[in-house]
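Asks: Below is the file query-v4.cif, with mmCIF, C-alpha atoms.
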```cif
data_target
loop_
_atom_site.group_PDB
_atom_site.id
_atom_site.type_symbol
_atom_site.label_atom_id
_atom_site.label_comp_id
_atom_site.auth_asym_id
_atom_site.auth_seq_id
_atom_site.Cartn_x
_atom_site.Cartn_y
_atom_site.Cartn_z
ATOM 1 C CA MET S 1 -127.543 -118.767 -167.580
ATOM 2 C CA THR S 2 -129.801 -120.902 -169.738
ATOM 3 C CA ILE S 3 -128.658 -123.013 -172.653
ATOM 4 C CA ALA S 4 -130.147 -120.443 -175.004
ATOM 5 C CA GLU S 5 -128.076 -117.698 -173.371
ATOM 6 C CA SER S 6 -124.804 -119.642 -173.302
ATOM 7 C CA PRO S 7 -122.311 -118.746 -176.002
ATOM 8 C CA ALA S 8 -122.714 -120.883 -179.114
ATOM 9 C CA THR S 9 -119.356 -122.211 -180.167
ATOM 10 C CA THR S 10 -120.876 -124.375 -182.894
ATOM 11 C CA LEU S 11 -124.215 -125.617 -184.154
ATOM 12 C CA THR S 12 -122.823 -128.966 -185.302
ATOM 13 C CA PRO S 13 -122.877 -131.639 -182.565
ATOM 14 C CA ASP S 14 -119.526 -133.448 -182.393
ATOM 15 C CA VAL S 15 -120.651 -137.043 -182.018
ATOM 16 C CA ALA S 16 -117.228 -138.411 -183.017
ATOM 17 C CA THR S 17 -115.575 -136.831 -179.965
ATOM 18 C CA LEU S 18 -118.480 -137.917 -177.775
ATOM 19 C CA LEU S 19 -118.156 -141.500 -179.019
ATOM 20 C CA GLU S 20 -114.378 -141.472 -178.533
ATOM 21 C CA GLU S 21 -114.766 -140.267 -174.935
ATOM 22 C CA PHE S 22 -117.619 -142.683 -174.270
ATOM 23 C CA ARG S 23 -115.484 -145.614 -175.415
ATOM 24 C CA ALA S 24 -112.304 -144.461 -173.685
ATOM 25 C CA VAL S 25 -113.809 -143.279 -170.423
ATOM 26 C CA PHE S 26 -117.153 -144.923 -169.817
ATOM 27 C CA VAL S 27 -117.213 -148.296 -171.585
ATOM 28 C CA PRO S 28 -114.401 -149.665 -169.372
ATOM 29 C CA VAL S 29 -116.304 -148.412 -166.303
ATOM 30 C CA ALA S 30 -119.478 -150.098 -167.550
ATOM 31 C CA ALA S 31 -117.554 -153.353 -168.048
ATOM 32 C CA ASP S 32 -116.131 -153.106 -164.526
ATOM 33 C CA PHE S 33 -119.646 -152.662 -163.159
ATOM 34 C CA LEU S 34 -121.171 -155.494 -165.190
ATOM 35 C CA GLU S 35 -118.370 -157.836 -164.135
ATOM 36 C CA GLY S 36 -118.857 -156.979 -160.449
ATOM 37 C CA ARG S 37 -115.524 -155.179 -159.952
ATOM 38 C CA ILE S 38 -117.052 -151.853 -158.849
ATOM 39 C CA SER S 39 -120.123 -150.838 -156.882
ATOM 40 C CA ALA S 40 -123.090 -148.897 -158.183
ATOM 41 C CA ASN S 41 -121.910 -145.833 -156.260
ATOM 42 C CA GLU S 42 -118.499 -146.106 -157.938
ATOM 43 C CA LEU S 43 -120.253 -146.448 -161.298
ATOM 44 C CA ARG S 44 -122.139 -143.214 -160.637
ATOM 45 C CA THR S 45 -119.000 -141.413 -159.439
ATOM 46 C CA ARG S 46 -117.028 -142.433 -162.524
ATOM 47 C CA TRP S 47 -119.938 -141.669 -164.924
ATOM 48 C CA LYS S 48 -120.607 -138.113 -163.741
ATOM 49 C CA PRO S 49 -117.478 -136.404 -165.166
ATOM 50 C CA PHE S 50 -118.329 -137.729 -168.641
ATOM 51 C CA TYR S 51 -122.022 -136.866 -168.266
ATOM 52 C CA THR S 52 -121.439 -133.352 -166.949
ATOM 53 C CA GLY S 53 -118.472 -132.713 -169.247
ATOM 54 C CA VAL S 54 -118.262 -133.844 -172.850
ATOM 55 C CA PHE S 55 -121.873 -135.065 -172.994
ATOM 56 C CA ARG S 56 -123.270 -131.835 -171.512
ATOM 57 C CA GLU S 57 -121.452 -129.802 -174.174
ATOM 58 C CA TYR S 58 -122.763 -132.125 -176.899
ATOM 59 C CA ASP S 59 -126.296 -131.848 -175.496
ATOM 60 C CA ARG S 60 -126.052 -128.049 -175.405
ATOM 61 C CA THR S 61 -124.919 -128.037 -179.019
ATOM 62 C CA VAL S 62 -127.908 -130.180 -180.035
ATOM 63 C CA GLU S 63 -130.175 -127.740 -178.186
ATOM 64 C CA ARG S 64 -128.524 -124.723 -179.842
ATOM 65 C CA ALA S 65 -128.862 -126.357 -183.269
ATOM 66 C CA TRP S 66 -132.562 -126.959 -182.648
ATOM 67 C CA ARG S 67 -133.169 -123.416 -181.484
ATOM 68 C CA ALA S 68 -131.229 -121.976 -184.403
ATOM 69 C CA SER S 69 -133.138 -124.038 -186.964
ATOM 70 C CA THR S 70 -136.575 -123.420 -185.468
ATOM 71 C CA GLY S 71 -136.240 -119.961 -183.982
ATOM 72 C CA THR S 72 -137.648 -121.230 -180.692
ATOM 73 C CA ASP S 73 -136.867 -119.557 -177.383
ATOM 74 C CA GLY S 74 -136.787 -122.833 -175.451
ATOM 75 C CA THR S 75 -140.366 -122.830 -174.231
ATOM 76 C CA LEU S 76 -142.313 -126.048 -174.528
ATOM 77 C CA GLU S 77 -144.049 -126.456 -177.827
ATOM 78 C CA THR S 78 -146.977 -128.699 -178.652
ATOM 79 C CA GLY S 79 -147.002 -131.264 -181.413
ATOM 80 C CA SER S 80 -144.329 -133.215 -183.200
ATOM 81 C CA PRO S 81 -141.150 -131.633 -184.571
ATOM 82 C CA LEU S 82 -141.580 -130.303 -188.062
ATOM 83 C CA ALA S 83 -140.277 -132.588 -190.816
ATOM 84 C CA ASP S 84 -138.211 -129.875 -192.397
ATOM 85 C CA PRO S 85 -134.721 -130.420 -193.883
ATOM 86 C CA ALA S 86 -133.547 -127.415 -191.863
ATOM 87 C CA HIS S 87 -134.109 -129.491 -188.708
ATOM 88 C CA GLU S 88 -132.120 -132.508 -189.904
ATOM 89 C CA THR S 89 -129.052 -132.006 -187.694
ATOM 90 C CA PRO S 90 -130.778 -131.641 -184.328
ATOM 91 C CA LEU S 91 -133.354 -134.339 -185.133
ATOM 92 C CA LYS S 92 -130.569 -136.809 -185.972
ATOM 93 C CA HIS S 93 -128.848 -136.093 -182.651
ATOM 94 C CA PHE S 94 -131.848 -135.936 -180.282
ATOM 95 C CA PRO S 95 -131.854 -139.752 -179.810
ATOM 96 C CA VAL S 96 -128.280 -139.617 -178.477
ATOM 97 C CA SER S 97 -129.250 -136.920 -175.980
ATOM 98 C CA VAL S 98 -132.321 -138.838 -174.871
ATOM 99 C CA ALA S 99 -130.394 -142.113 -174.530
ATOM 100 C CA GLN S 100 -127.577 -140.475 -172.521
ATOM 101 C CA ASN S 101 -130.109 -138.879 -170.173
ATOM 102 C CA ASN S 102 -131.921 -142.202 -169.791
ATOM 103 C CA LEU S 103 -128.606 -143.907 -169.023
ATOM 104 C CA ASP S 104 -127.965 -141.303 -166.335
ATOM 105 C CA ARG S 105 -131.353 -142.063 -164.771
ATOM 106 C CA LEU S 106 -130.652 -145.824 -164.865
ATOM 107 C CA ILE S 107 -127.299 -145.280 -163.162
ATOM 108 C CA GLU S 108 -129.048 -143.239 -160.473
ATOM 109 C CA VAL S 109 -131.596 -146.027 -159.956
ATOM 110 C CA LEU S 110 -128.800 -148.592 -159.660
ATOM 111 C CA ALA S 111 -126.926 -146.402 -157.168
ATOM 112 C CA ILE S 112 -130.058 -145.948 -155.064
ATOM 113 C CA GLU S 113 -130.852 -149.663 -155.130
ATOM 114 C CA LEU S 114 -127.344 -151.015 -154.629
ATOM 115 C CA GLY S 115 -125.247 -148.256 -153.057
ATOM 116 C CA ASP S 116 -121.832 -149.719 -152.300
ATOM 117 C CA ARG S 117 -122.845 -153.187 -153.474
ATOM 118 C CA THR S 118 -122.220 -154.617 -156.942
ATOM 119 C CA VAL S 119 -124.643 -155.529 -159.706
ATOM 120 C CA GLU S 120 -124.473 -159.145 -158.564
ATOM 121 C CA ASP S 121 -126.546 -158.088 -155.541
ATOM 122 C CA THR S 122 -129.469 -156.707 -157.546
ATOM 123 C CA GLU S 123 -132.861 -158.267 -157.034
ATOM 124 C CA ARG S 124 -133.864 -157.127 -160.511
ATOM 125 C CA LEU S 125 -131.722 -158.897 -163.097
ATOM 126 C CA GLU S 126 -133.432 -156.908 -165.843
ATOM 127 C CA ARG S 127 -131.586 -153.768 -164.666
ATOM 128 C CA LYS S 128 -128.256 -155.428 -165.409
ATOM 129 C CA ILE S 129 -129.542 -156.495 -168.814
ATOM 130 C CA ASP S 130 -131.020 -153.041 -169.481
ATOM 131 C CA PHE S 131 -127.755 -151.354 -168.514
ATOM 132 C CA ALA S 132 -125.686 -153.560 -170.824
ATOM 133 C CA HIS S 133 -128.184 -153.105 -173.653
ATOM 134 C CA VAL S 134 -128.314 -149.311 -173.307
ATOM 135 C CA VAL S 135 -124.519 -148.989 -173.270
ATOM 136 C CA ASP S 136 -124.166 -151.225 -176.336
ATOM 137 C CA SER S 137 -127.030 -149.608 -178.263
ATOM 138 C CA LEU S 138 -125.844 -146.106 -177.445
ATOM 139 C CA ASP S 139 -122.391 -146.970 -178.763
ATOM 140 C CA GLU S 140 -123.945 -148.273 -182.001
ATOM 141 C CA LEU S 141 -126.151 -145.200 -182.363
ATOM 142 C CA MET S 142 -123.252 -142.794 -181.915
ATOM 143 C CA GLN S 143 -121.123 -144.840 -184.337
ATOM 144 C CA SER S 144 -123.837 -144.610 -186.979
ATOM 145 C CA LEU S 145 -123.908 -140.808 -186.652
ATOM 146 C CA ALA S 146 -120.116 -140.511 -186.652
ATOM 147 C CA GLU S 147 -119.793 -142.264 -190.029
#
```
Do you think you could lay out the structure here as structure tokens?
Replies:
Amino acid sequence: MTIAESPATTLTPDVATLLEEFRAVFVPVAADFLEGRISANELRTRWKPFYTGVFREYDRTVERAWRASTGTDGTLETGSPLADPAHETPLKHFPVSVAQNNLDRLIEVLAIELGDRTVEDTERLERKIDFAHVVDSLDELMQSLAE
């Protein structure tokens, strides 16, 4: 079943619930990783339930909202999104989806590089800095949309 075929429970992305779960579930995990208390593999293991659960539902809702406002069938379209007030909701929430997916990719890179080792063992300090920055910025972005 594709996202377009899945039952639409709502067309309004619930960023407040996403933020609440992110702070309750993932931010403590991120802190444990950054402070060297858990390995990169543990980080990935503890991230996945959030990513495949509450975030996936949020992401599907953003996709449904976009398809409902544009009438698209999910095929790739050329050009920039139309600056139409009807597209306001999905366009406001796309950055959260993109940032969450980018965070997932960064976690995968860290797990591949470090495995069962901690962030202190990385040869690329910028990954630790990037990870901390993405987590913090994503929190701020979701907070701004929840207000």
Asks: If I take atom CA of Phe94 of chain S and atom CA of Asp139 of chain S, how far is one from the other in Å, to one decimal?
Replies: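 Rounded to one decimal, the two atoms are 14.6 Å apart.
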Asks: Smallest atom-to-atom distance to Ile107 of chain S: which of S:Ala24, S:Thr89, S:Ala40, S:Glu126, using only C-alpha atoms?
Replies: S:Ala40
Asks: Under the PyMOL selection byres ((chain S and resi 21) around 12), which residues of this model are included? Write them out as a PDB file with C-alpha atoms, in the coordinates of the input.
Replies:
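See expr12.pdb below for the written result:
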```
ATOM      1  CA  ASP S  14    -119.526-133.448-182.393  1.00  0.00           C
ATOM      2  CA  VAL S  15    -120.651-137.043-182.018  1.00  0.00           C
ATOM      3  CA  ALA S  16    -117.228-138.411-183.017  1.00  0.00           C
ATOM      4  CA  THR S  17    -115.575-136.831-179.965  1.00  0.00           C
ATOM      5  CA  LEU S  18    -118.480-137.917-177.775  1.00  0.00           C
ATOM      6  CA  LEU S  19    -118.156-141.500-179.019  1.00  0.00           C
ATOM      7  CA  GLU S  20    -114.378-141.472-178.533  1.00  0.00           C
ATOM      8  CA  PHE S  22    -117.619-142.683-174.270  1.00  0.00           C
ATOM      9  CA  ARG S  23    -115.484-145.614-175.415  1.00  0.00           C
ATOM     10  CA  ALA S  24    -112.304-144.461-173.685  1.00  0.00           C
ATOM     11  CA  VAL S  25    -113.809-143.279-170.423  1.00  0.00           C
ATOM     12  CA  PHE S  26    -117.153-144.923-169.817  1.00  0.00           C
ATOM     13  CA  VAL S  27    -117.213-148.296-171.585  1.00  0.00           C
ATOM     14  CA  PRO S  28    -114.401-149.665-169.372  1.00  0.00           C
ATOM     15  CA  VAL S  29    -116.304-148.412-166.303  1.00  0.00           C
ATOM     16  CA  TRP S  47    -119.938-141.669-164.924  1.00  0.00           C
ATOM     17  CA  PRO S  49    -117.478-136.404-165.166  1.00  0.00           C
ATOM     18  CA  PHE S  50    -118.329-137.729-168.641  1.00  0.00           C
ATOM     19  CA  TYR S  51    -122.022-136.866-168.266  1.00  0.00           C
ATOM     20  CA  GLY S  53    -118.472-132.713-169.247  1.00  0.00           C
ATOM     21  CA  VAL S  54    -118.262-133.844-172.850  1.00  0.00           C
ATOM     22  CA  PHE S  55    -121.873-135.065-172.994  1.00  0.00           C
ATOM     23  CA  TYR S  58    -122.763-132.125-176.899  1.00  0.00           C
ATOM     24  CA  ASP S 139    -122.391-146.970-178.763  1.00  0.00           C
ATOM     25  CA  MET S 142    -123.252-142.794-181.915  1.00  0.00           C
TER      26      MET S 142
END
```
Asks: Rank nothing, just name the residue among S:Ala30, S:His93, S:Thr61, S:Thr118 nearest to Asp136 of chain S, using all atoms listed in the file.
Replies: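 Looking only at the distances to Asp136 of chain S, the closest residue turns out to be S:Ala30.
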Asks: Go ahead and compute the interatomic distance for atom CA of Asp121 of chain S and atom CA of Asp32 of chain S, in Å to one decimal.
Replies: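 Atom CA of Asp121 of chain S sits 14.6 Å away from atom CA of Asp32 of chain S.
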Asks: Using all atoms of segment 7-26 of chain S that appear in the file, construct an axis-aligned enclosing box with 8 Å of padding on every side and provide its centre coordinates and edge lengths in Å, rounded to one decimal, as JSON.
Replies:
```
{"center_x": -118.3, "center_y": -132.2, "center_z": -177.6, "size_x": 27.9, "size_y": 42.9, "size_z": 31.5}
```
